[in-house]
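K.L.:
To be precise about what I am sending: the file is called target.txt and holds compact mmCIF, C-alpha atoms.
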# COMPACT_ATOMS: atom_id res chain seq x y z
CA MET A 2 -6.47 -26.79 2.08
CA LYS A 3 -8.84 -23.92 1.40
CA LYS A 4 -11.30 -25.20 3.98
CA SER A 5 -8.62 -25.09 6.66
CA ALA A 6 -7.79 -21.47 5.84
CA ASP A 7 -11.46 -20.57 5.78
CA SER A 8 -12.04 -22.11 9.14
CA ASP A 9 -9.04 -20.32 10.56
CA GLU A 10 -10.41 -17.08 9.16
CA SER A 11 -13.71 -17.75 10.90
CA SER A 12 -11.95 -18.06 14.22
CA SER A 13 -10.02 -14.92 13.36
CA ASP A 14 -13.32 -13.17 12.62
CA SER A 15 -14.66 -14.23 16.01
CA ALA A 16 -11.57 -12.93 17.74
CA ASN A 17 -11.77 -9.68 15.86
CA ASP A 18 -15.44 -9.31 16.70
CA SER A 19 -14.72 -9.76 20.38
CA ASP A 20 -12.06 -7.09 20.15
CA SER A 21 -14.02 -4.77 17.93
CA SER A 22 -15.31 -2.75 20.83
CA GLU A 23 -11.84 -1.21 20.71
CA ASP A 24 -11.87 -0.47 16.98
CA ASP A 25 -12.61 3.19 16.30
CA ALA A 26 -10.73 5.57 18.52
CA GLY A 27 -8.86 8.40 16.94
CA MET A 28 -9.62 11.83 18.26
CA GLU A 29 -8.48 14.77 16.18
CA SER A 30 -8.79 18.06 18.00
CA SER A 31 -9.50 21.42 16.40
CA ASP A 32 -6.30 22.85 17.83
CA LEU A 33 -3.18 22.81 15.69
CA GLY A 34 0.25 21.55 16.49
CA GLU A 35 3.55 22.26 14.75
CA SER A 36 3.26 23.66 11.22
CA ASN A 37 -0.54 23.74 11.46
CA ALA A 38 -0.68 19.97 11.76
CA PRO A 39 -3.75 18.61 13.59
CA ALA A 40 -2.95 17.64 17.17
CA TYR A 41 -4.03 14.06 17.92
CA HIS A 42 -4.88 13.26 21.51
CA PRO A 43 -4.85 9.52 22.24
CA ALA A 44 -8.07 8.29 23.80
CA ASP A 45 -9.67 4.97 24.63
CA PRO A 46 -11.36 3.58 21.49
CA GLU A 47 -15.11 4.02 21.41
CA PRO A 48 -17.30 0.91 21.04
CA MET A 49 -18.35 0.03 17.48
CA SER A 50 -22.01 -0.25 16.61
CA GLU A 51 -23.36 -3.63 15.51
CA GLU A 52 -23.73 -2.29 11.98
CA ALA A 53 -20.11 -1.10 11.93
CA LYS A 54 -18.99 -4.53 13.15
CA ARG A 55 -20.97 -6.21 10.39
CA GLN A 56 -19.53 -3.93 7.70
CA GLU A 57 -15.98 -4.51 8.93
CA ARG A 58 -16.53 -8.26 9.02
CA ASP A 59 -18.01 -8.28 5.51
CA PHE A 60 -15.13 -6.20 4.18
CA ARG A 61 -12.58 -8.54 5.71
CA LYS A 62 -14.32 -11.55 4.17
CA LYS A 63 -14.33 -9.84 0.77
CA LEU A 64 -10.60 -9.12 1.02
CA ASN A 65 -9.96 -12.79 1.81
CA HIS A 66 -12.14 -14.02 -1.05
CA ASP A 67 -10.58 -11.66 -3.59
CA ALA A 68 -7.00 -12.40 -2.50
CA ARG A 69 -7.53 -16.15 -2.74
CA GLU A 70 -9.09 -15.75 -6.15
CA VAL A 71 -6.08 -13.74 -7.38
CA VAL A 72 -3.56 -16.43 -6.41
CA SER A 73 -5.75 -19.42 -7.38
CA HIS A 74 -4.06 -19.76 -10.79
CA SER A 75 -0.51 -19.08 -9.60
CA ILE A 76 2.19 -21.20 -7.96
CA HIS A 77 0.75 -20.03 -4.61
CA HIS A 78 -2.66 -21.65 -5.10
CA LYS A 79 -2.11 -24.20 -2.33
CA VAL A 80 -0.77 -21.71 0.21
CA LYS A 81 -3.14 -21.16 3.15
CA LEU A 82 -3.79 -17.43 3.15
CA ILE A 83 -5.52 -15.11 5.60
CA VAL A 84 -6.03 -11.38 5.10
CA HIS A 85 -6.32 -9.51 8.40
CA ARG A 86 -7.82 -6.09 9.06
CA PRO A 87 -5.78 -5.01 12.11
CA ASP A 88 -7.31 -3.19 15.05
CA TYR A 89 -5.55 -0.43 16.93
CA ASP A 90 -5.35 0.69 20.54
CA GLN A 91 -4.18 3.60 22.65
CA ALA A 92 -0.54 2.47 22.43
CA ASN A 93 -0.78 2.63 18.62
CA GLN A 94 -2.15 6.16 18.85
CA GLN A 95 0.67 7.24 21.12
CA GLU A 96 3.27 5.69 18.82
CA TYR A 97 1.75 7.45 15.82
CA VAL A 98 1.94 10.82 17.61
CA ARG A 99 5.59 10.19 18.52
CA LEU A 100 6.71 9.10 15.05
CA SER A 101 4.69 11.65 13.07
CA LYS A 102 5.72 14.70 15.08
CA GLY A 103 8.90 15.42 13.14
CA LEU A 104 7.54 14.16 9.81
CA MET A 105 4.45 16.30 9.32
CA PRO A 106 6.22 19.62 8.61
CA ILE A 107 8.24 17.91 5.85
CA VAL A 108 5.21 16.13 4.40
CA ARG A 109 3.13 19.30 4.44
CA GLU A 110 5.88 21.28 2.72
CA ILE A 111 6.13 18.71 -0.11
CA ALA A 112 2.33 18.68 -0.42
CA ARG A 113 2.25 22.50 -0.43
CA LYS A 114 4.56 22.54 -3.44
CA THR A 115 2.64 19.74 -5.16
CA LEU A 116 -0.96 20.93 -4.75
CA PRO A 117 -0.68 23.99 -7.05
CA LEU A 118 0.48 21.68 -9.83
CA LEU A 119 -2.57 19.50 -9.28
CA GLU A 120 -4.88 22.52 -9.34
CA HIS A 121 -3.28 23.62 -12.61
CA GLU A 122 -3.70 20.12 -14.02
CA ALA A 123 -7.37 20.01 -13.04
CA SER A 124 -8.04 23.36 -14.67
CA PHE A 125 -7.19 22.11 -18.17
CA ASP A 126 -10.19 21.86 -20.49
CA PHE A 127 -8.80 18.70 -22.05
CA ALA A 128 -7.06 15.62 -20.63
CA LYS A 129 -4.36 14.34 -22.99
CA ASN A 130 -3.11 10.85 -23.94
CA HIS A 131 -6.33 9.00 -24.69
CA TYR A 132 -7.00 6.39 -27.37
CA TYR A 133 -10.06 8.35 -28.49
CA GLY A 134 -11.50 11.81 -27.89
CA SER A 135 -12.71 15.03 -29.45
CA LYS A 136 -9.34 16.71 -30.00
CA PHE A 137 -6.33 15.36 -31.92
CA GLN A 138 -2.93 15.98 -30.29
CA ALA A 139 -0.28 15.88 -33.02
CA ASP A 140 2.61 16.09 -30.55
CA SER A 141 1.57 12.74 -29.05
CA VAL A 142 2.23 10.82 -32.28
CA ALA A 143 5.95 10.69 -31.51
CA TYR A 144 5.31 8.34 -28.58
CA ARG A 145 3.77 5.65 -30.83
CA ASP A 146 1.43 4.42 -28.10
CA PHE A 147 -1.79 5.35 -29.99
CA ARG A 148 -2.82 7.84 -27.29
CA TYR A 149 -3.23 10.63 -29.82
CA PHE A 150 -6.43 12.27 -28.56
CA ALA A 151 -7.63 14.55 -25.79
CA LYS A 152 -11.06 14.64 -24.18
CA LYS A 153 -12.92 16.94 -21.85
CA ARG A 154 -11.88 16.56 -18.22
CA PRO A 155 -14.60 16.72 -15.54
CA PRO A 156 -13.98 19.70 -13.25
CA THR A 157 -13.95 17.48 -10.15
CA GLU A 158 -11.51 14.86 -11.45
CA SER A 159 -8.94 13.77 -8.85
CA PRO A 160 -5.23 13.26 -9.57
CA SER A 161 -4.89 10.27 -11.88
CA LEU A 162 -2.60 8.35 -9.51
CA VAL A 163 -3.19 5.47 -7.13
CA VAL A 164 -0.49 4.25 -4.73
CA GLY A 165 0.03 0.78 -3.29
CA LEU A 166 2.63 0.32 -0.54
CA ARG A 167 3.78 -3.17 0.38
CA VAL A 168 5.70 -3.59 3.64
CA ASP A 169 7.84 -6.66 4.27
CA GLU A 170 7.12 -7.80 7.84
CA SER A 171 9.81 -10.50 8.00
CA ALA A 172 11.70 -11.13 11.24
CA SER A 173 14.87 -9.44 9.97
CA MET A 174 13.07 -6.08 9.88
CA LYS A 175 13.73 -5.96 13.63
CA ALA A 176 17.41 -5.18 13.06
CA PHE A 177 19.21 -1.85 12.73
CA GLY A 178 16.14 0.39 13.13
CA ARG A 179 14.53 -0.85 9.91
CA LEU A 180 11.09 -1.39 11.43
CA GLU A 181 10.82 2.16 12.78
CA ALA A 182 12.14 3.54 9.47
CA ALA A 183 9.43 1.60 7.62
CA LYS A 184 6.74 2.93 9.98
CA ARG A 185 7.91 6.51 9.51
CA ALA A 186 7.90 5.99 5.75
CA VAL A 187 4.34 4.64 5.66
CA ILE A 188 3.15 7.51 7.87
CA ALA A 189 4.72 10.02 5.47
CA VAL A 190 3.21 8.32 2.40
CA TYR A 191 -0.22 7.98 4.00
CA GLU A 192 -0.40 11.60 5.16
CA PHE A 193 0.92 12.94 1.84
CA CYS A 194 -1.72 10.95 -0.04
CA GLN A 195 -4.43 12.27 2.28
CA LEU A 196 -3.33 15.87 1.71
CA CYS A 197 -3.23 15.40 -2.08
CA HIS A 198 -6.41 13.25 -2.27
CA ILE A 199 -4.54 10.27 -3.72
CA PRO A 200 -6.11 6.82 -3.16
CA VAL A 201 -3.64 4.73 -1.14
CA LEU A 202 -3.47 1.09 -0.16
CA ILE A 203 -0.93 0.01 2.48
CA TYR A 204 -0.52 -3.71 3.15
CA GLY A 205 2.02 -5.66 5.19
CA ASP A 206 2.76 -9.36 4.86
CA THR A 207 4.64 -12.27 6.38
CA ALA A 208 4.80 -16.03 5.79
CA ASP A 209 4.73 -19.21 7.88
CA ALA A 210 2.91 -17.88 10.95
CA SER A 211 1.51 -21.40 11.45
CA ARG A 212 0.61 -24.56 9.52
CA LEU A 213 -2.91 -23.19 9.06
CA GLU A 214 -1.69 -19.72 8.09
CA GLN A 215 1.17 -19.98 5.63
CA MET A 216 0.66 -16.46 4.27
CA SER A 217 -0.57 -13.50 6.32
CA VAL A 218 -1.58 -10.20 4.75
CA TYR A 219 -2.41 -7.14 6.88
CA ALA A 220 -4.72 -4.58 5.26
CA TYR A 221 -3.80 -1.42 7.19
CA THR A 222 -5.35 1.08 4.74
CA ASP A 223 -7.54 0.37 1.73
CA PHE A 224 -9.10 2.79 -0.74
CA ASP A 225 -12.34 0.76 -0.75
CA ARG A 226 -12.88 1.42 2.96
CA THR A 227 -11.26 4.61 4.16
CA ASP A 228 -11.16 5.54 7.83
CA ALA A 229 -9.39 8.48 9.47
CA ASN A 230 -8.17 6.07 12.13
CA ASP A 231 -6.25 3.99 9.59
CA ARG A 232 -3.19 6.08 10.46
CA PHE A 233 -3.20 4.35 13.86
CA ARG A 234 -3.57 0.88 12.32
CA LEU A 235 -0.25 1.49 10.55
CA MET A 236 1.49 1.26 13.90
CA GLY A 237 0.60 -2.44 13.97
CA ILE A 238 3.39 -3.15 11.46
CA ARG A 239 5.68 -5.75 13.06
CA ALA A 240 8.75 -7.92 12.41
CA ARG A 241 7.12 -11.35 12.31
CA SER A 242 8.38 -14.38 10.35
CA ASN A 243 9.35 -15.25 6.75
CA ASN A 244 8.42 -13.50 3.50
CA ARG A 245 6.68 -14.73 0.34
CA ASP A 246 7.17 -11.60 -1.76
CA GLY A 247 5.74 -12.75 -5.09
CA MET A 248 2.40 -13.66 -3.55
CA ALA A 249 2.12 -10.30 -1.76
CA LEU A 250 3.02 -8.37 -4.92
CA ARG A 251 0.42 -10.29 -6.93
CA ILE A 252 -2.39 -9.55 -4.46
CA ILE A 253 -1.62 -5.81 -4.26
CA ALA A 254 -0.94 -5.42 -8.00
CA GLU A 255 -4.29 -6.97 -8.85
CA ARG A 256 -6.07 -4.50 -6.56
CA LEU A 257 -4.31 -1.60 -8.29
CA ALA A 258 -4.97 -2.98 -11.77
CA ASP A 259 -8.73 -2.73 -11.16
CA THR A 260 -8.62 0.99 -10.32
CA PRO A 261 -9.55 3.70 -12.87
CA GLN A 262 -6.47 5.89 -12.29
CA LYS A 263 -4.04 6.22 -15.19
CA THR A 264 -0.86 5.85 -13.11
CA LYS A 265 -0.72 2.85 -10.74
CA LEU A 266 2.35 2.87 -8.52
CA LEU A 267 3.33 -0.12 -6.37
CA ILE A 268 6.25 0.38 -3.97
CA SER A 269 7.71 -2.54 -2.02
CA ILE A 270 9.64 -1.79 1.19
CA SER A 271 11.86 -4.75 1.99
CA ASP A 272 15.12 -5.54 3.75
CA GLY A 273 15.85 -8.93 2.21
CA GLN A 274 15.30 -11.49 -0.51
CA PRO A 275 12.25 -13.81 -0.53
CA LYS A 276 12.35 -16.85 1.73
CA ALA A 277 9.47 -19.03 2.92
CA MET A 278 8.73 -22.68 3.59
CA ASP A 279 8.98 -25.20 2.04
CA ASP A 280 11.08 -24.20 -0.93
CA TYR A 281 10.17 -20.60 -1.74
CA THR A 282 13.68 -19.25 -1.92
CA GLY A 283 16.62 -18.73 -4.27
CA SER A 284 16.10 -18.81 -8.04
CA TYR A 285 12.60 -20.30 -7.71
CA ALA A 286 11.30 -17.34 -5.67
CA ILE A 287 13.21 -14.79 -7.74
CA GLN A 288 11.72 -16.17 -10.97
CA ASP A 289 8.21 -15.99 -9.46
CA MET A 290 8.72 -12.34 -8.50
CA GLN A 291 10.11 -11.38 -11.90
CA GLN A 292 7.24 -13.13 -13.70
CA THR A 293 4.73 -11.35 -11.45
CA ILE A 294 6.34 -7.96 -12.14
CA ALA A 295 6.37 -8.59 -15.91
CA GLU A 296 2.74 -9.78 -15.90
CA TYR A 297 1.43 -6.75 -14.04
CA GLU A 298 3.56 -4.22 -15.86
CA ARG A 299 1.64 -5.32 -18.94
CA LYS A 300 -1.50 -4.36 -16.99
CA GLY A 301 -0.14 -0.87 -16.33
CA ILE A 302 1.45 -1.26 -12.88
CA THR A 303 4.69 0.63 -12.17
CA PHE A 304 6.89 -1.18 -9.64
CA LEU A 305 9.53 0.34 -7.35
CA ALA A 306 11.57 -1.48 -4.73
CA ALA A 307 12.86 0.40 -1.68
CA ALA A 308 15.71 -1.71 -0.29
CA ILE A 309 16.54 -0.96 3.35
CA GLY A 310 18.62 -3.99 4.31
CA GLN A 311 21.68 -6.06 3.54
CA ASP A 312 20.31 -7.80 0.42
CA LYS A 313 20.29 -4.68 -1.75
CA ASP A 314 22.23 -6.34 -4.58
CA VAL A 315 19.76 -9.24 -4.76
CA ILE A 316 16.73 -6.91 -4.62
CA SER A 317 18.27 -4.80 -7.40
CA GLN A 318 18.77 -7.95 -9.46
CA ILE A 319 15.16 -9.05 -8.91
CA TYR A 320 13.50 -5.75 -9.76
CA GLY A 321 16.04 -4.32 -12.20
CA ASN A 322 18.06 -1.11 -11.82
CA GLU A 323 15.28 1.04 -13.27
CA ARG A 324 12.90 -0.03 -10.47
CA PHE A 325 15.40 -0.07 -7.61
CA LEU A 326 15.70 2.52 -4.81
CA ASP A 327 18.82 2.16 -2.65
CA ILE A 328 17.83 3.56 0.76
CA THR A 329 21.18 3.96 2.49
CA ASN A 330 20.11 6.68 4.92
CA LEU A 331 17.06 5.45 6.86
CA HIS A 332 16.54 8.88 8.43
CA GLU A 333 15.98 10.43 4.99
CA PHE A 334 13.82 7.54 3.79
CA PRO A 335 10.31 9.02 4.48
CA ALA A 336 10.93 12.34 2.70
CA LYS A 337 12.70 10.61 -0.20
CA LEU A 338 9.77 8.25 -0.72
CA VAL A 339 7.20 11.05 -0.67
CA ARG A 340 9.20 13.10 -3.19
CA ILE A 341 9.38 10.07 -5.51
CA ILE A 342 5.59 9.66 -5.36
CA ALA A 343 5.11 13.38 -6.05
CA ARG A 344 7.02 12.98 -9.33
CA TYR A 345 4.35 10.63 -10.64
CA LEU A 346 1.59 13.24 -10.30
Any chance you could give the structure as structure tokens?

P.N.:
Amino acid sequence: MKKSADSDESSSDSANDSDSSEDDAGMESSDLGESNAPAYHPADPEPMSEEAKRQERDFRKKLNHDAREVVSHSIHHKVKLIVHRPDYDQANQQEYVRLSKGLMPIVREIARKTLPLLEHEASFDFAKNHYYGSKFQADSVAYRDFRYFAKKRPPTESPSLVVGLRVDESASMKAFGRLEAAKRAVIAVYEFCQLCHIPVLIYGDTADASRLEQMSVYAYTDFDRTDANDRFRLMGIRARSNNRDGMALRIIAERLADTPQKTKLLISISDGQPKAMDDYTGSYAIQDMQQTIAEYERKGITFLAAAIGQDKDVISQIYGNERFLDITNLHEFPAKLVRIIARYL
């Protein structure tokens, strides 16, 4: 089973290599658009160097290896998985410009209010809530979590937050403007994280693309390989096929669990309940998701579910009311999501 997936990945690598001459394209001009936002001018992607191609290929192979290792001891161990690193083109650039135009003033305003708080936080001599340190904090004893000490904070320490965004790319996302709402939301989250220097990982997923690719994961942005043109990759988000939510959550949660940040936030944007071949549906799929959430909460992951479709009651049941975000107004979704992330800083 694994050999089949590996061989499919190899063909995928070859296809990606042949297309990689169109891989790095974003042009950011020095002139400013609305609200001092950089003005992006779509241009034909420039050819990648051989070294850049090799690095991209190696990174994609590492993502595949790590993802397969994560699920190897789960109920998904026989599922044929491929992790893609999507390219982008001029049409993606143009779509990004169109969708981001009205968002950037809002995102920048939220970031403007947030950044002074981060500067204040970074100016403290001591970082609180550690298991050991040079300064005892008596007021922390009430929390009974043994984080009673403070220690010196390096002056260059970044905000202690990492964000993972999972986007359901099931076929039903095509309906009622959900796909465009999801794209606007990921643009807002990505740009806010860039402004506030927050590591961000944005993955999409779908299931049952073919017999040789039963689970597809799309690594649009990754904190291990940042690229200013990732914002254009985000426009590759599509409504595709089925959804195997528990497997996607496990892969992303494991990536976040390995990061050094204190707060690890994983937000799932979905419009429906899990459903994939052959029998990943109903109580079986729900139980898998709940077990995955419980397992990774013990590892420090905070889960939130942004429900943008008709199965809100089921999604609320799966995640629990305390982790559930009912997104009734899709137009307000991007700003609402960014404000929620800002609260975790």

K.L.:
Around all listed atoms of range 49-64 of chain A, padded 6 Å per side, what centre and edge lengths does the axis-aligned box have in Å to one decimal, as AutoDock Vina command-line options?

P.N.:
--center_x -17.2 --center_y -5.8 --center_z 9.1 --size_x 25.1 --size_y 23.6 --size_z 28.7

K.L.:
What's the separation between CA of Pro48 in chain A and CA of His66 in chain A, in Å to one decimal place?

P.N.:
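Computing the Euclidean distance for CA of Pro48 in chain A and CA of His66 in chain A yields 27.2 Å.
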
K.L.:
Please identify all polymer residues within 6 Å of range 81-83 of chain A, counting only C-alpha atoms, omitting same-chain residues fewer than 5 positions from it, and present them as a list of chain:residue names.

P.N.:
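Final neighbour list, sorted by chain and number: A:Ala6, A:Glu214, A:Gln215, A:Met216, A:Ser217.
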
K.L.:
Enter the distance from CA of Leu346 in chain A to CA of Ser161 in chain A, in Å, rounded to one decimal.

P.N.:
7.3 Å

K.L.:
Quick one: residues within 10 Å of Ala254 in chain A, all atoms listed in the file, excluding same-chain residues fewer than 4 positions away - as a ChimeraX atom specification?

P.N.:
/A:71,165,167,248-250,258-259,265-267,293-294,296-298,300-304

K.L.:
Please list as a list in words every residue within 10 Å of Ile111 in chain A, counting all atoms listed in the file and excluding residues in the same chain fewer than 3 positions away.

P.N.:
Met105, Pro106, Ile107, Val108, Lys114, Thr115, Leu116, Phe193, Ala336, Val339, Arg340 and Ala343 of chain A

K.L.:
Emit the selected residues as a compact mmCIF listing (two decimals), in the coordinates of the input, including C-alpha atoms.

P.N.:
# COMPACT_ATOMS: atom_id res chain seq x y z
CA MET A 105 4.45 16.30 9.32
CA PRO A 106 6.22 19.62 8.61
CA ILE A 107 8.24 17.91 5.85
CA VAL A 108 5.21 16.13 4.40
CA LYS A 114 4.56 22.54 -3.44
CA THR A 115 2.64 19.74 -5.16
CA LEU A 116 -0.96 20.93 -4.75
CA PHE A 193 0.92 12.94 1.84
CA ALA A 336 10.93 12.34 2.70
CA VAL A 339 7.20 11.05 -0.67
CA ARG A 340 9.20 13.10 -3.19
CA ALA A 343 5.11 13.38 -6.05

K.L.:
From the set A:Tyr97, A:Tyr285, A:Phe60, A:Phe224, which residue has the shortest atom-to-atom contact distance to Ile199 in chain A, counting all atoms listed in the file?

P.N.:
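Looking only at the distances to Ile199 in chain A, the closest residue turns out to be A:Phe224.
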
K.L.:
Just how far from CA of Leu64 in chain A is CA of Arg239 in chain A, in Å to one decimal?

P.N.:
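Between CA of Arg239 in chain A and CA of Leu64 in chain A the gap is 20.5 Å.
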
K.L.:
Pick out the residues sitting within 12 Å of Glu333 in chain A, and hand them over as an mmCIF file with C-alpha atoms, in the frame of the given file; count all atoms listed in the file, and ignore anything fewer than 6 positions along from it in its own chain.

P.N.:
data_model
loop_
_atom_site.group_PDB
_atom_site.id
_atom_site.type_symbol
_atom_site.label_atom_id
_atom_site.label_comp_id
_atom_site.auth_asym_id
_atom_site.auth_seq_id
_atom_site.Cartn_x
_atom_site.Cartn_y
_atom_site.Cartn_z
ATOM 1 C CA GLY A 103 8.900 15.420 13.140
ATOM 2 C CA LEU A 104 7.540 14.160 9.810
ATOM 3 C CA ILE A 107 8.240 17.910 5.850
ATOM 4 C CA ALA A 182 12.140 3.540 9.470
ATOM 5 C CA ALA A 183 9.430 1.600 7.620
ATOM 6 C CA ARG A 185 7.910 6.510 9.510
ATOM 7 C CA ALA A 186 7.900 5.990 5.750
ATOM 8 C CA ALA A 189 4.720 10.020 5.470
ATOM 9 C CA ILE A 309 16.540 -0.960 3.350
ATOM 10 C CA ASP A 327 18.820 2.160 -2.650
ATOM 11 C CA VAL A 339 7.200 11.050 -0.670
ATOM 12 C CA ARG A 340 9.200 13.100 -3.190
#

K.L.:
Here is a test: counting all atoms listed in the file, which residue of A:Arg179, A:Arg245, A:Arg324, A:Lys102 is nearest to His77 in chain A?

P.N.:
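So, comparing all the options, the nearest one is A:Arg245.
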
K.L.:
With a distance cut-off of 12 Å and all atoms listed in the file, select the neighbouring residues of range 168-172 of chain A, excluding the residue or stretch itself and same-chain residues fewer than 5 positions from it, and output the selection as a JSON list (two decimals) with C-alpha atoms, in the coordinates of the input.

P.N.:
[["chain", "number", "residue", "atom", "x", "y", "z"],
["A", 179, "ARG", "CA", 14.53, -0.85, 9.91],
["A", 180, "LEU", "CA", 11.09, -1.39, 11.43],
["A", 181, "GLU", "CA", 10.82, 2.16, 12.78],
["A", 182, "ALA", "CA", 12.14, 3.54, 9.47],
["A", 183, "ALA", "CA", 9.43, 1.60, 7.62],
["A", 184, "LYS", "CA", 6.74, 2.93, 9.98],
["A", 185, "ARG", "CA", 7.91, 6.51, 9.51],
["A", 186, "ALA", "CA", 7.90, 5.99, 5.75],
["A", 187, "VAL", "CA", 4.34, 4.64, 5.66],
["A", 202, "LEU", "CA", -3.47, 1.09, -0.16],
["A", 203, "ILE", "CA", -0.93, 0.01, 2.48],
["A", 204, "TYR", "CA", -0.52, -3.71, 3.15],
["A", 205, "GLY", "CA", 2.02, -5.66, 5.19],
["A", 206, "ASP", "CA", 2.76, -9.36, 4.86],
["A", 207, "THR", "CA", 4.64, -12.27, 6.38],
["A", 208, "ALA", "CA", 4.80, -16.03, 5.79],
["A", 209, "ASP", "CA", 4.73, -19.21, 7.88],
["A", 210, "ALA", "CA", 2.91, -17.88, 10.95],
["A", 216, "MET", "CA", 0.66, -16.46, 4.27],
["A", 217, "SER", "CA", -0.57, -13.50, 6.32],
["A", 218, "VAL", "CA", -1.58, -10.20, 4.75],
["A", 219, "TYR", "CA", -2.41, -7.14, 6.88],
["A", 220, "ALA", "CA", -4.72, -4.58, 5.26],
["A", 221, "TYR", "CA", -3.80, -1.42, 7.19],
["A", 235, "LEU", "CA", -0.25, 1.49, 10.55],
["A", 237, "GLY", "CA", 0.60, -2.44, 13.97],
["A", 238, "ILE", "CA", 3.39, -3.15, 11.46],
["A", 239, "ARG", "CA", 5.68, -5.75, 13.06],
["A", 240, "ALA", "CA", 8.75, -7.92, 12.41],
["A", 241, "ARG", "CA", 7.12, -11.35, 12.31],
["A", 242, "SER", "CA", 8.38, -14.38, 10.35],
["A", 243, "ASN", "CA", 9.35, -15.25, 6.75],
["A", 244, "ASN", "CA", 8.42, -13.50, 3.50],
["A", 245, "ARG", "CA", 6.68, -14.73, 0.34],
["A", 246, "ASP", "CA", 7.17, -11.60, -1.76],
["A", 247, "GLY", "CA", 5.74, -12.75, -5.09],
["A", 248, "MET", "CA", 2.40, -13.66, -3.55],
["A", 249, "ALA", "CA", 2.12, -10.30, -1.76],
["A", 250, "LEU", "CA", 3.02, -8.37, -4.92],
["A", 253, "ILE", "CA", -1.62, -5.81, -4.26],
["A", 267, "LEU", "CA", 3.33, -0.12, -6.37],
["A", 268, "ILE", "CA", 6.25, 0.38, -3.97],
["A", 269, "SER", "CA", 7.71, -2.54, -2.02],
["A", 270, "ILE", "CA", 9.64, -1.79, 1.19],
["A", 271, "SER", "CA", 11.86, -4.75, 1.99],
["A", 272, "ASP", "CA", 15.12, -5.54, 3.75],
["A", 273, "GLY", "CA", 15.85, -8.93, 2.21],
["A", 274, "GLN", "CA", 15.30, -11.49, -0.51],
["A", 275, "PRO", "CA", 12.25, -13.81, -0.53],
["A", 276, "LYS", "CA", 12.35, -16.85, 1.73],
["A", 277, "ALA", "CA", 9.47, -19.03, 2.92],
["A", 306, "ALA", "CA", 11.57, -1.48, -4.73],
["A", 307, "ALA", "CA", 12.86, 0.40, -1.68],
["A", 308, "ALA", "CA", 15.71, -1.71, -0.29],
["A", 309, "ILE", "CA", 16.54, -0.96, 3.35],
["A", 310, "GLY", "CA", 18.62, -3.99, 4.31]]
